[in-house]
>>> print(open('start-v3.txt').read())   # compact mmCIF, C-alpha atoms and all ligand atoms
# COMPACT_ATOMS: atom_id res chain seq x y z
CA MET P 1 17.23 -33.15 -3.22
CA SER P 2 15.40 -30.89 -0.82
CA LEU P 3 16.30 -29.96 2.71
CA GLN P 4 14.39 -28.23 5.46
CA ILE P 5 15.63 -25.45 7.69
CA GLN P 6 13.94 -24.51 10.93
CA MET P 7 15.37 -21.64 12.93
CA ILE P 8 15.10 -22.48 16.62
CA GLY P 9 15.81 -18.81 17.16
CA THR P 10 16.26 -15.75 15.00
CA GLY P 11 17.35 -13.15 17.53
CA SER P 12 20.44 -11.03 17.88
CA ALA P 13 22.74 -11.75 20.83
CA PHE P 14 20.77 -9.54 23.20
CA ALA P 15 17.24 -10.06 21.83
CA LYS P 16 14.67 -10.92 24.47
CA THR P 17 11.67 -11.83 22.34
CA TYR P 18 13.54 -14.15 19.99
CA TYR P 19 15.82 -17.03 20.88
CA ASN P 20 19.46 -17.25 19.77
CA ASN P 21 20.05 -17.47 16.04
CA ASN P 22 20.50 -21.24 15.74
CA ALA P 23 19.15 -23.55 13.05
CA LEU P 24 18.01 -27.09 12.58
CA VAL P 25 18.76 -28.53 9.15
CA TYR P 26 16.84 -31.66 8.18
CA ALA P 27 18.19 -33.66 5.23
CA GLY P 28 17.15 -37.17 4.33
CA GLY P 29 16.50 -38.21 7.92
CA PHE P 30 19.61 -36.47 9.27
CA THR P 31 19.28 -33.55 11.69
CA LEU P 32 22.06 -30.99 12.02
CA LEU P 33 22.02 -28.20 14.58
CA ILE P 34 23.93 -25.13 13.46
CA ASP P 35 25.09 -23.34 16.58
CA CYS P 36 23.89 -24.06 20.09
CA GLY P 37 23.45 -20.83 21.99
CA TYR P 38 22.39 -20.37 25.58
CA THR P 39 18.70 -20.44 24.61
CA ALA P 40 18.96 -23.54 22.40
CA PRO P 41 17.95 -26.16 25.00
CA ARG P 42 14.79 -24.20 25.90
CA ALA P 43 13.93 -23.53 22.24
CA LEU P 44 14.33 -27.21 21.34
CA HIS P 45 12.20 -28.17 24.35
CA GLU P 46 9.45 -25.81 23.19
CA LEU P 47 9.62 -27.33 19.72
CA GLY P 48 9.37 -30.84 21.13
CA VAL P 49 12.78 -31.76 19.71
CA SER P 50 14.81 -33.80 22.18
CA LEU P 51 18.56 -33.27 22.31
CA GLU P 52 18.92 -36.93 21.42
CA GLN P 53 17.21 -36.41 18.05
CA ILE P 54 20.09 -34.24 16.84
CA ASP P 55 22.64 -36.15 14.78
CA ALA P 56 25.40 -33.52 14.83
CA VAL P 57 26.06 -29.97 15.95
CA LEU P 58 28.15 -27.47 14.03
CA ILE P 59 29.66 -24.40 15.68
CA SER P 60 30.39 -21.17 13.81
CA HIS P 61 32.23 -19.25 16.55
CA THR P 62 32.46 -18.94 20.30
CA HIS P 63 30.04 -16.14 21.22
CA ALA P 64 27.52 -17.27 23.85
CA ASP P 65 24.52 -16.97 21.53
CA HIS P 66 26.22 -19.64 19.40
CA ILE P 67 27.83 -21.94 21.99
CA GLY P 68 26.18 -21.21 25.36
CA GLY P 69 24.00 -24.34 25.18
CA LEU P 70 26.90 -26.72 24.62
CA GLU P 71 27.53 -27.34 28.32
CA GLU P 72 24.02 -28.74 28.76
CA LEU P 73 24.32 -30.72 25.54
CA ALA P 74 27.64 -32.19 26.70
CA PHE P 75 26.37 -33.16 30.15
CA ARG P 76 23.13 -34.64 28.81
CA TYR P 77 24.95 -36.75 26.25
CA MET P 78 27.53 -37.96 28.76
CA TYR P 79 25.31 -38.69 31.73
CA THR P 80 21.83 -39.25 30.27
CA PHE P 81 22.33 -40.64 26.78
CA LYS P 82 25.78 -42.10 27.53
CA ARG P 83 27.18 -41.50 24.09
CA LYS P 84 28.92 -38.78 22.13
CA ILE P 85 27.34 -36.49 19.57
CA PRO P 86 29.47 -35.38 16.61
CA LEU P 87 30.68 -31.80 17.09
CA LEU P 88 31.75 -30.16 13.86
CA LEU P 89 33.94 -27.13 13.97
CA SER P 90 36.90 -25.53 12.31
CA THR P 91 40.26 -26.99 13.30
CA ASN P 92 41.33 -23.65 14.75
CA LEU P 93 38.27 -23.43 17.02
CA GLU P 94 38.89 -26.69 18.87
CA THR P 95 41.34 -25.38 21.45
CA ILE P 96 39.62 -22.01 21.76
CA LEU P 97 36.23 -23.60 22.44
CA TRP P 98 37.57 -25.84 25.19
CA GLU P 99 40.17 -23.62 26.84
CA GLN P 100 38.35 -20.30 26.61
CA SER P 101 34.69 -21.31 26.88
CA LEU P 102 33.75 -24.81 28.01
CA ARG P 103 36.53 -26.04 30.27
CA GLY P 104 35.37 -24.14 33.35
CA GLY P 105 32.07 -25.97 33.43
CA LEU P 106 32.94 -29.31 31.88
CA GLU P 107 36.37 -30.28 33.18
CA ASN P 108 36.18 -33.01 35.82
CA LEU P 109 39.62 -34.05 36.97
CA ALA P 110 38.24 -36.65 39.40
CA GLU P 111 36.83 -38.58 36.43
CA ASP P 112 39.72 -37.72 34.10
CA VAL P 113 37.43 -35.67 31.89
CA THR P 114 39.74 -33.06 30.51
CA SER P 115 38.99 -32.35 26.87
CA LEU P 116 36.37 -31.67 24.24
CA ASN P 117 36.91 -35.22 22.97
CA ASP P 118 35.72 -36.65 26.29
CA TYR P 119 32.24 -35.29 25.60
CA PHE P 120 32.00 -35.04 21.85
CA GLU P 121 33.00 -36.92 18.73
CA VAL P 122 34.98 -33.96 17.48
CA VAL P 123 35.02 -33.58 13.70
CA ALA P 124 37.54 -30.92 12.74
CA LEU P 125 36.70 -29.24 9.44
CA SER P 126 39.08 -27.41 7.15
CA GLU P 127 37.77 -24.21 5.67
CA HIS P 128 36.77 -24.20 2.00
CA THR P 129 36.47 -28.00 2.08
CA PRO P 130 33.03 -29.51 1.50
CA THR P 131 32.34 -32.40 3.88
CA THR P 132 29.49 -34.86 3.39
CA LEU P 133 27.67 -35.52 6.65
CA HIS P 134 24.96 -37.70 5.17
CA PRO P 135 23.75 -38.52 1.65
CA GLY P 136 22.24 -35.22 0.50
CA LEU P 137 23.94 -33.03 3.11
CA THR P 138 27.30 -31.37 2.58
CA VAL P 139 28.72 -28.55 4.69
CA GLU P 140 31.55 -26.18 3.88
CA LEU P 141 33.00 -23.59 6.23
CA LEU P 142 33.72 -20.17 4.75
CA PRO P 143 35.79 -17.77 6.89
CA ALA P 144 33.64 -14.86 8.04
CA ASP P 145 34.78 -11.35 8.90
CA HIS P 146 33.15 -10.90 12.31
CA ILE P 147 35.50 -9.92 15.16
CA PRO P 148 39.14 -9.20 14.30
CA GLY P 149 41.38 -12.03 15.50
CA LYS P 150 38.44 -14.27 16.43
CA PRO P 151 37.75 -17.22 14.10
CA CYS P 152 34.21 -17.31 12.78
CA TYR P 153 32.68 -19.23 9.88
CA SER P 154 29.71 -19.00 7.61
CA VAL P 155 28.32 -22.31 6.37
CA LEU P 156 27.53 -23.34 2.82
CA LEU P 157 25.03 -26.20 2.66
CA ASN P 158 25.16 -28.41 -0.44
CA GLY P 159 27.06 -25.60 -2.19
CA LYS P 160 23.75 -23.78 -2.56
CA ILE P 161 22.46 -22.45 0.72
CA PHE P 162 24.56 -19.79 2.44
CA PHE P 163 24.14 -19.45 6.20
CA SER P 164 26.13 -16.40 7.26
CA ALA P 165 26.24 -17.04 11.00
CA ASP P 166 27.75 -13.75 12.27
CA THR P 167 29.61 -11.64 9.76
CA ARG P 168 30.19 -8.12 8.63
CA PHE P 169 28.85 -7.32 5.20
CA ASN P 170 30.91 -8.96 2.45
CA GLY P 171 29.37 -7.97 -0.86
CA PRO P 172 32.03 -9.62 -3.08
CA LEU P 173 31.47 -12.99 -1.39
CA LEU P 174 27.70 -12.76 -1.84
CA TYR P 175 28.10 -11.82 -5.53
CA GLU P 176 30.54 -14.70 -6.04
CA LEU P 177 28.19 -17.22 -4.41
CA HIS P 178 25.25 -15.86 -6.39
CA HIS P 179 27.16 -16.34 -9.64
CA LYS P 180 28.20 -19.84 -8.57
CA GLY P 181 24.54 -20.82 -8.25
CA CYS P 182 23.77 -20.23 -4.58
CA THR P 183 19.98 -20.23 -4.30
CA VAL P 184 19.38 -19.00 -0.76
CA PHE P 185 21.18 -16.54 1.50
CA LEU P 186 20.34 -16.73 5.18
CA HIS P 187 22.02 -13.60 6.44
CA ASP P 188 22.46 -11.94 9.82
CA CYS P 189 20.97 -8.48 9.84
CA GLN P 190 21.59 -5.66 12.27
CA LEU P 191 18.60 -3.36 11.90
CA TYR P 192 20.45 -0.16 12.73
CA SER P 193 23.64 1.30 11.31
CA PRO P 194 26.53 1.47 11.80
CA GLY P 195 27.29 -2.23 11.94
CA MET P 196 30.50 -2.85 13.78
CA VAL P 197 30.52 -6.66 13.70
CA HIS P 198 27.37 -7.57 11.73
CA ALA P 199 25.93 -6.80 8.32
CA THR P 200 23.41 -3.98 8.60
CA LEU P 201 20.06 -3.71 6.85
CA ASP P 202 21.37 -0.62 5.04
CA GLU P 203 24.32 -2.59 3.67
CA LEU P 204 22.18 -5.56 2.66
CA LEU P 205 19.83 -3.18 0.84
CA THR P 206 22.72 -2.28 -1.51
CA LEU P 207 22.60 -5.83 -2.94
CA PRO P 208 21.04 -6.22 -6.38
CA LYS P 209 17.43 -7.34 -6.60
CA ALA P 210 18.48 -10.81 -7.82
CA ILE P 211 20.40 -11.49 -4.60
CA GLN P 212 17.88 -9.77 -2.33
CA GLN P 213 15.13 -12.02 -3.68
CA LYS P 214 17.10 -15.01 -2.45
CA THR P 215 17.86 -13.46 0.95
CA LEU P 216 16.22 -14.28 4.26
CA LEU P 217 17.22 -12.06 7.17
CA MET P 218 18.00 -13.47 10.59
CA HIS P 219 19.85 -12.58 13.84
CA TYR P 220 17.64 -9.50 14.24
CA GLY P 221 16.67 -7.36 17.21
CA ASP P 222 13.41 -7.25 19.13
CA ASP P 223 12.10 -4.36 17.05
CA MET P 224 12.15 -6.41 13.84
CA PRO P 225 8.35 -5.99 13.32
CA GLN P 226 8.87 -2.24 12.80
CA PHE P 227 11.05 -3.08 9.78
CA ILE P 228 8.61 -5.32 7.95
CA GLY P 229 8.07 -3.75 4.53
CA LYS P 230 11.37 -1.85 4.74
CA THR P 231 13.69 -4.63 3.63
CA GLY P 232 13.55 -4.22 -0.15
CA ASP P 233 13.22 -7.63 -1.79
CA MET P 234 14.47 -9.42 1.31
CA THR P 235 12.27 -11.02 3.94
CA PHE P 236 12.72 -11.89 7.59
CA ILE P 237 12.98 -15.58 8.31
CA GLU P 238 10.55 -16.64 11.03
CA GLN P 239 11.56 -18.46 14.18
CA PHE P 240 10.21 -22.06 14.47
CA LYS P 241 8.76 -22.10 10.92
CA THR P 242 10.09 -24.88 8.66
CA TYR P 243 11.27 -23.82 5.22
CA THR P 244 11.92 -26.26 2.40
CA PHE P 245 14.67 -25.52 -0.11
CA GLU P 246 15.88 -27.38 -3.18
CA ALA P 247 19.57 -27.97 -2.71
N1 LIG X 301 33.17 -5.27 18.94
C1 LIG X 301 31.98 -5.73 19.32
C2 LIG X 301 31.88 -7.01 19.88
C3 LIG X 301 30.62 -7.46 20.27
N2 LIG X 301 29.54 -6.66 20.11
C4 LIG X 301 28.20 -7.12 20.51
O1 LIG X 301 28.34 -8.32 21.29
C5 LIG X 301 27.62 -9.36 20.65
C6 LIG X 301 28.20 -10.74 20.79
O2 LIG X 301 27.37 -11.63 20.03
P1 LIG X 301 27.09 -11.31 18.50
O3 LIG X 301 25.87 -12.00 18.09
O4 LIG X 301 28.35 -11.46 17.74
O5 LIG X 301 26.74 -9.77 18.48
C7 LIG X 301 27.67 -8.97 19.17
C8 LIG X 301 27.37 -7.51 19.26
O6 LIG X 301 26.01 -7.28 19.53
C9 LIG X 301 29.67 -5.42 19.54
O7 LIG X 301 28.67 -4.72 19.37
N3 LIG X 301 30.89 -4.97 19.16
ZN ZN X 302 25.48 -13.91 17.27
ZN ZN X 303 29.15 -13.34 17.15
>>> encode(input="start-v3.txt", output="structure tokens")
Amino acid sequence: MSLQIQMIGTGSAFAKTYYNNNALVYAGGFTLLIDCGYTAPRALHELGVSLEQIDAVLISHTHADHIGGLEELAFRYMYTFKRKIPLLLSTNLETILWEQSLRGGLENLAEDVTSLNDYFEVVALSEHTPTTLHPGLTVELLPADHIPGKPCYSVLLNGKIFFSADTRFNGPLLYELHHKGCTVFLHDCQLYSPGMVHATLDELLTLPKAIQQKTLLMHYGDDMPQFIGKTGDMTFIEQFKTYTFEA
């Protein structure tokens, strides 16, 4: 089974020349959006992908470059498409996402719209538990070490493709996944050290060649072009380009 991944953005949170680091995953006619940052609606528009074409959205954590586009998605689905889109997220992000991020814009007491469930078909995922979304597409949330006390999850697709979302460098996890047969590592990459909340290029360069060869770097800053040729056996994933992987 093959699946396609198209980054609708590859930029770090404050990048200005790249959109937010969000991904479309195409598998057997099913389209999953991983993260929906504040630039996602514009990026999808530029790609000619309508919000209605997305079958589900998965959220890794509540930083704006990963959830800032959800308000538009919610309003468009409620008032234009008049249906709910599945929203996949860790059980312990449900309350945080509504109470701390979305409620201010989406709550409408006059219409008794008071929860995430009023807009979305919420699918709460347990970590370390593979969930089949569609024949040929399984997702598993792996806890990520990003901001202390703030839940954040990497995503494992079909047990083979690791999508880090935002995480500090976790060498042991990458080695473990490599030995378990993971074939691709899509990893966030802060170009300069020290990395306080992201993996840095220097840290990723400590990985053995066998893992680097499987690694595509994402969530990078505007000066990424200056680092081409300086990433060992790793390469930068390109925004908007569609990559096909066996998984
Ligand atoms: N302790 C922190 C917290 C946040 N940040 C920056 O804020 C950004 C929020 O989105 P991000 O993509 O997680 O990247 C974070 C850091 O750039 C940071 O540099 N240090
Ligand atoms: Zn981010
Ligand atoms: Zn983050």
>>> residues_around(input="start-v3.txt", residues="range 204-207 of chain P", least_positions_apart="6", cutoff="12 Å", atoms="all atoms listed in the file", output="ChimeraX atom specification")
/P:167-175,178,185-193,195,198,213-218,230-235
>>> closest_atom_pairs(input="start-v3.txt", of="chain P", to="ligand ZN 303 (chain X)", cutoff="7 Å", atoms="all atoms listed in the file", output="CSV")
residue,atom,partner,partner_atom,distance
P:His61,CA,X:ZN303,ZN,6.7
P:His63,CA,X:ZN303,ZN,5.0
P:His146,CA,X:ZN303,ZN,6.7
P:Asp166,CA,X:ZN303,ZN,5.1
>>> atom_distance(input="start-v3.txt", atom1="CA of Leu106 in chain P", atom2="CA of Gly69 in chain P")
12.2 Å
>>> closest_residue(input="start-v3.txt", among="P:Ser50, P:His219, P:Pro143, P:Gln212", to="His66 in chain P", atoms="only C-alpha atoms")
P:His219
>>> atom_distance(input="start-v3.txt", atom1="atom C7 of ligand LIG 301 (chain X)", atom2="CA of Leu3 in chain P")
29.0 Å
>>> atom_distance(input="start-v3.txt", atom1="CA of Met1 in chain P", atom2="CA of Leu156 in chain P")
15.5 Å
>>> closest_atom_pairs(input="start-v3.txt", of="chain P", to="ligand LIG 301 (chain X)", cutoff="7 Å", atoms="all atoms listed in the file", output="CSV")
residue,atom,partner,partner_atom,distance
P:Ser12,CA,X:LIG301,O3,5.5
P:Ala13,CA,X:LIG301,O3,4.2
P:Phe14,CA,X:LIG301,O6,6.8
P:His63,CA,X:LIG301,O2,5.4
P:Ala64,CA,X:LIG301,O2,6.8
P:Asp65,CA,X:LIG301,O3,6.2
P:Ile147,CA,X:LIG301,N1,6.4
P:Asp166,CA,X:LIG301,O4,6.0
P:Met196,CA,X:LIG301,N3,5.8
P:Val197,CA,X:LIG301,N3,5.7
>>> closest_residue(input="start-v3.txt", among="P:Gln100, P:Thr95, P:Gln53, P:Ser164", to="ligand ZN 302 (chain X)", atoms="all atoms listed in the file")
P:Ser164
>>> residues_near_point(input="start-v3.txt", point="(34.5, -32.5, 15.4)", cutoff="7 Å", atoms="only C-alpha atoms", output="short mmCIF file (atom, residue, chain, number, x, y, z; two decimals) with C-alpha atoms, in the frame of the given file")
data_model
loop_
_atom_site.label_atom_id
_atom_site.label_comp_id
_atom_site.auth_asym_id
_atom_site.auth_seq_id
_atom_site.Cartn_x
_atom_site.Cartn_y
_atom_site.Cartn_z
CA PRO P 86 29.47 -35.38 16.61
CA LEU P 87 30.68 -31.80 17.09
CA LEU P 88 31.75 -30.16 13.86
CA LEU P 89 33.94 -27.13 13.97
CA GLU P 121 33.00 -36.92 18.73
CA VAL P 122 34.98 -33.96 17.48
CA VAL P 123 35.02 -33.58 13.70
CA ALA P 124 37.54 -30.92 12.74
#
>>> build_atoms(input="start-v3.txt", residues="range 77-93 of chain P", atoms="N, CA, C and O atoms", output="PDB file, keeping the file's coordinate frame")
ATOM      1  N   TYR P  77      24.470 -35.617  27.042  1.00  0.00           N
ATOM      2  CA  TYR P  77      24.950 -36.750  26.250  1.00  0.00           C
ATOM      3  C   TYR P  77      25.813 -37.672  27.097  1.00  0.00           C
ATOM      4  O   TYR P  77      25.705 -38.896  27.009  1.00  0.00           O
ATOM      5  N   MET P  78      26.665 -37.090  27.955  1.00  0.00           N
ATOM      6  CA  MET P  78      27.530 -37.960  28.760  1.00  0.00           C
ATOM      7  C   MET P  78      26.757 -38.733  29.818  1.00  0.00           C
ATOM      8  O   MET P  78      26.911 -39.949  29.966  1.00  0.00           O
ATOM      9  N   TYR P  79      25.906 -38.042  30.561  1.00  0.00           N
ATOM     10  CA  TYR P  79      25.310 -38.690  31.730  1.00  0.00           C
ATOM     11  C   TYR P  79      23.906 -39.247  31.508  1.00  0.00           C
ATOM     12  O   TYR P  79      23.489 -40.142  32.237  1.00  0.00           O
ATOM     13  N   THR P  80      23.173 -38.732  30.516  1.00  0.00           N
ATOM     14  CA  THR P  80      21.830 -39.250  30.270  1.00  0.00           C
ATOM     15  C   THR P  80      21.834 -40.226  29.101  1.00  0.00           C
ATOM     16  O   THR P  80      21.363 -41.350  29.223  1.00  0.00           O
ATOM     17  N   PHE P  81      22.383 -39.792  27.974  1.00  0.00           N
ATOM     18  CA  PHE P  81      22.330 -40.640  26.780  1.00  0.00           C
ATOM     19  C   PHE P  81      23.531 -41.582  26.687  1.00  0.00           C
ATOM     20  O   PHE P  81      23.510 -42.557  25.935  1.00  0.00           O
ATOM     21  N   LYS P  82      24.574 -41.262  27.439  1.00  0.00           N
ATOM     22  CA  LYS P  82      25.780 -42.100  27.530  1.00  0.00           C
ATOM     23  C   LYS P  82      26.412 -42.403  26.166  1.00  0.00           C
ATOM     24  O   LYS P  82      26.770 -43.540  25.852  1.00  0.00           O
ATOM     25  N   ARG P  83      26.471 -41.386  25.357  1.00  0.00           N
ATOM     26  CA  ARG P  83      27.180 -41.500  24.090  1.00  0.00           C
ATOM     27  C   ARG P  83      27.640 -40.109  23.670  1.00  0.00           C
ATOM     28  O   ARG P  83      27.288 -39.107  24.305  1.00  0.00           O
ATOM     29  N   LYS P  84      28.397 -40.069  22.591  1.00  0.00           N
ATOM     30  CA  LYS P  84      28.920 -38.780  22.130  1.00  0.00           C
ATOM     31  C   LYS P  84      28.194 -38.346  20.865  1.00  0.00           C
ATOM     32  O   LYS P  84      27.927 -39.167  19.991  1.00  0.00           O
ATOM     33  N   ILE P  85      27.936 -37.054  20.788  1.00  0.00           N
ATOM     34  CA  ILE P  85      27.340 -36.490  19.570  1.00  0.00           C
ATOM     35  C   ILE P  85      28.477 -35.885  18.749  1.00  0.00           C
ATOM     36  O   ILE P  85      29.407 -35.292  19.317  1.00  0.00           O
ATOM     37  N   PRO P  86      28.439 -36.031  17.417  1.00  0.00           N
ATOM     38  CA  PRO P  86      29.470 -35.380  16.610  1.00  0.00           C
ATOM     39  C   PRO P  86      29.409 -33.852  16.758  1.00  0.00           C
ATOM     40  O   PRO P  86      28.323 -33.258  16.709  1.00  0.00           O
ATOM     41  N   LEU P  87      30.553 -33.249  16.982  1.00  0.00           N
ATOM     42  CA  LEU P  87      30.680 -31.800  17.090  1.00  0.00           C
ATOM     43  C   LEU P  87      31.574 -31.332  15.956  1.00  0.00           C
ATOM     44  O   LEU P  87      32.769 -31.656  15.934  1.00  0.00           O
ATOM     45  N   LEU P  88      30.992 -30.624  15.023  1.00  0.00           N
ATOM     46  CA  LEU P  88      31.750 -30.160  13.860  1.00  0.00           C
ATOM     47  C   LEU P  88      32.191 -28.731  14.061  1.00  0.00           C
ATOM     48  O   LEU P  88      31.360 -27.870  14.402  1.00  0.00           O
ATOM     49  N   LEU P  89      33.451 -28.502  13.852  1.00  0.00           N
ATOM     50  CA  LEU P  89      33.940 -27.130  13.970  1.00  0.00           C
ATOM     51  C   LEU P  89      35.275 -26.999  13.260  1.00  0.00           C
ATOM     52  O   LEU P  89      35.955 -28.002  12.988  1.00  0.00           O
ATOM     53  N   SER P  90      35.618 -25.772  12.962  1.00  0.00           N
ATOM     54  CA  SER P  90      36.900 -25.530  12.310  1.00  0.00           C
ATOM     55  C   SER P  90      38.042 -25.996  13.198  1.00  0.00           C
ATOM     56  O   SER P  90      38.000 -25.840  14.423  1.00  0.00           O
ATOM     57  N   THR P  91      39.076 -26.531  12.571  1.00  0.00           N
ATOM     58  CA  THR P  91      40.260 -26.990  13.300  1.00  0.00           C
ATOM     59  C   THR P  91      40.743 -25.933  14.291  1.00  0.00           C
ATOM     60  O   THR P  91      41.079 -26.248  15.428  1.00  0.00           O
ATOM     61  N   ASN P  92      40.751 -24.680  13.856  1.00  0.00           N
ATOM     62  CA  ASN P  92      41.330 -23.650  14.750  1.00  0.00           C
ATOM     63  C   ASN P  92      40.345 -23.143  15.801  1.00  0.00           C
ATOM     64  O   ASN P  92      40.650 -22.197  16.515  1.00  0.00           O
ATOM     65  N   LEU P  93      39.174 -23.783  15.923  1.00  0.00           N
ATOM     66  CA  LEU P  93      38.270 -23.430  17.020  1.00  0.00           C
ATOM     67  C   LEU P  93      38.316 -24.438  18.161  1.00  0.00           C
ATOM     68  O   LEU P  93      37.828 -24.164  19.263  1.00  0.00           O
TER      69      LEU P  93
END
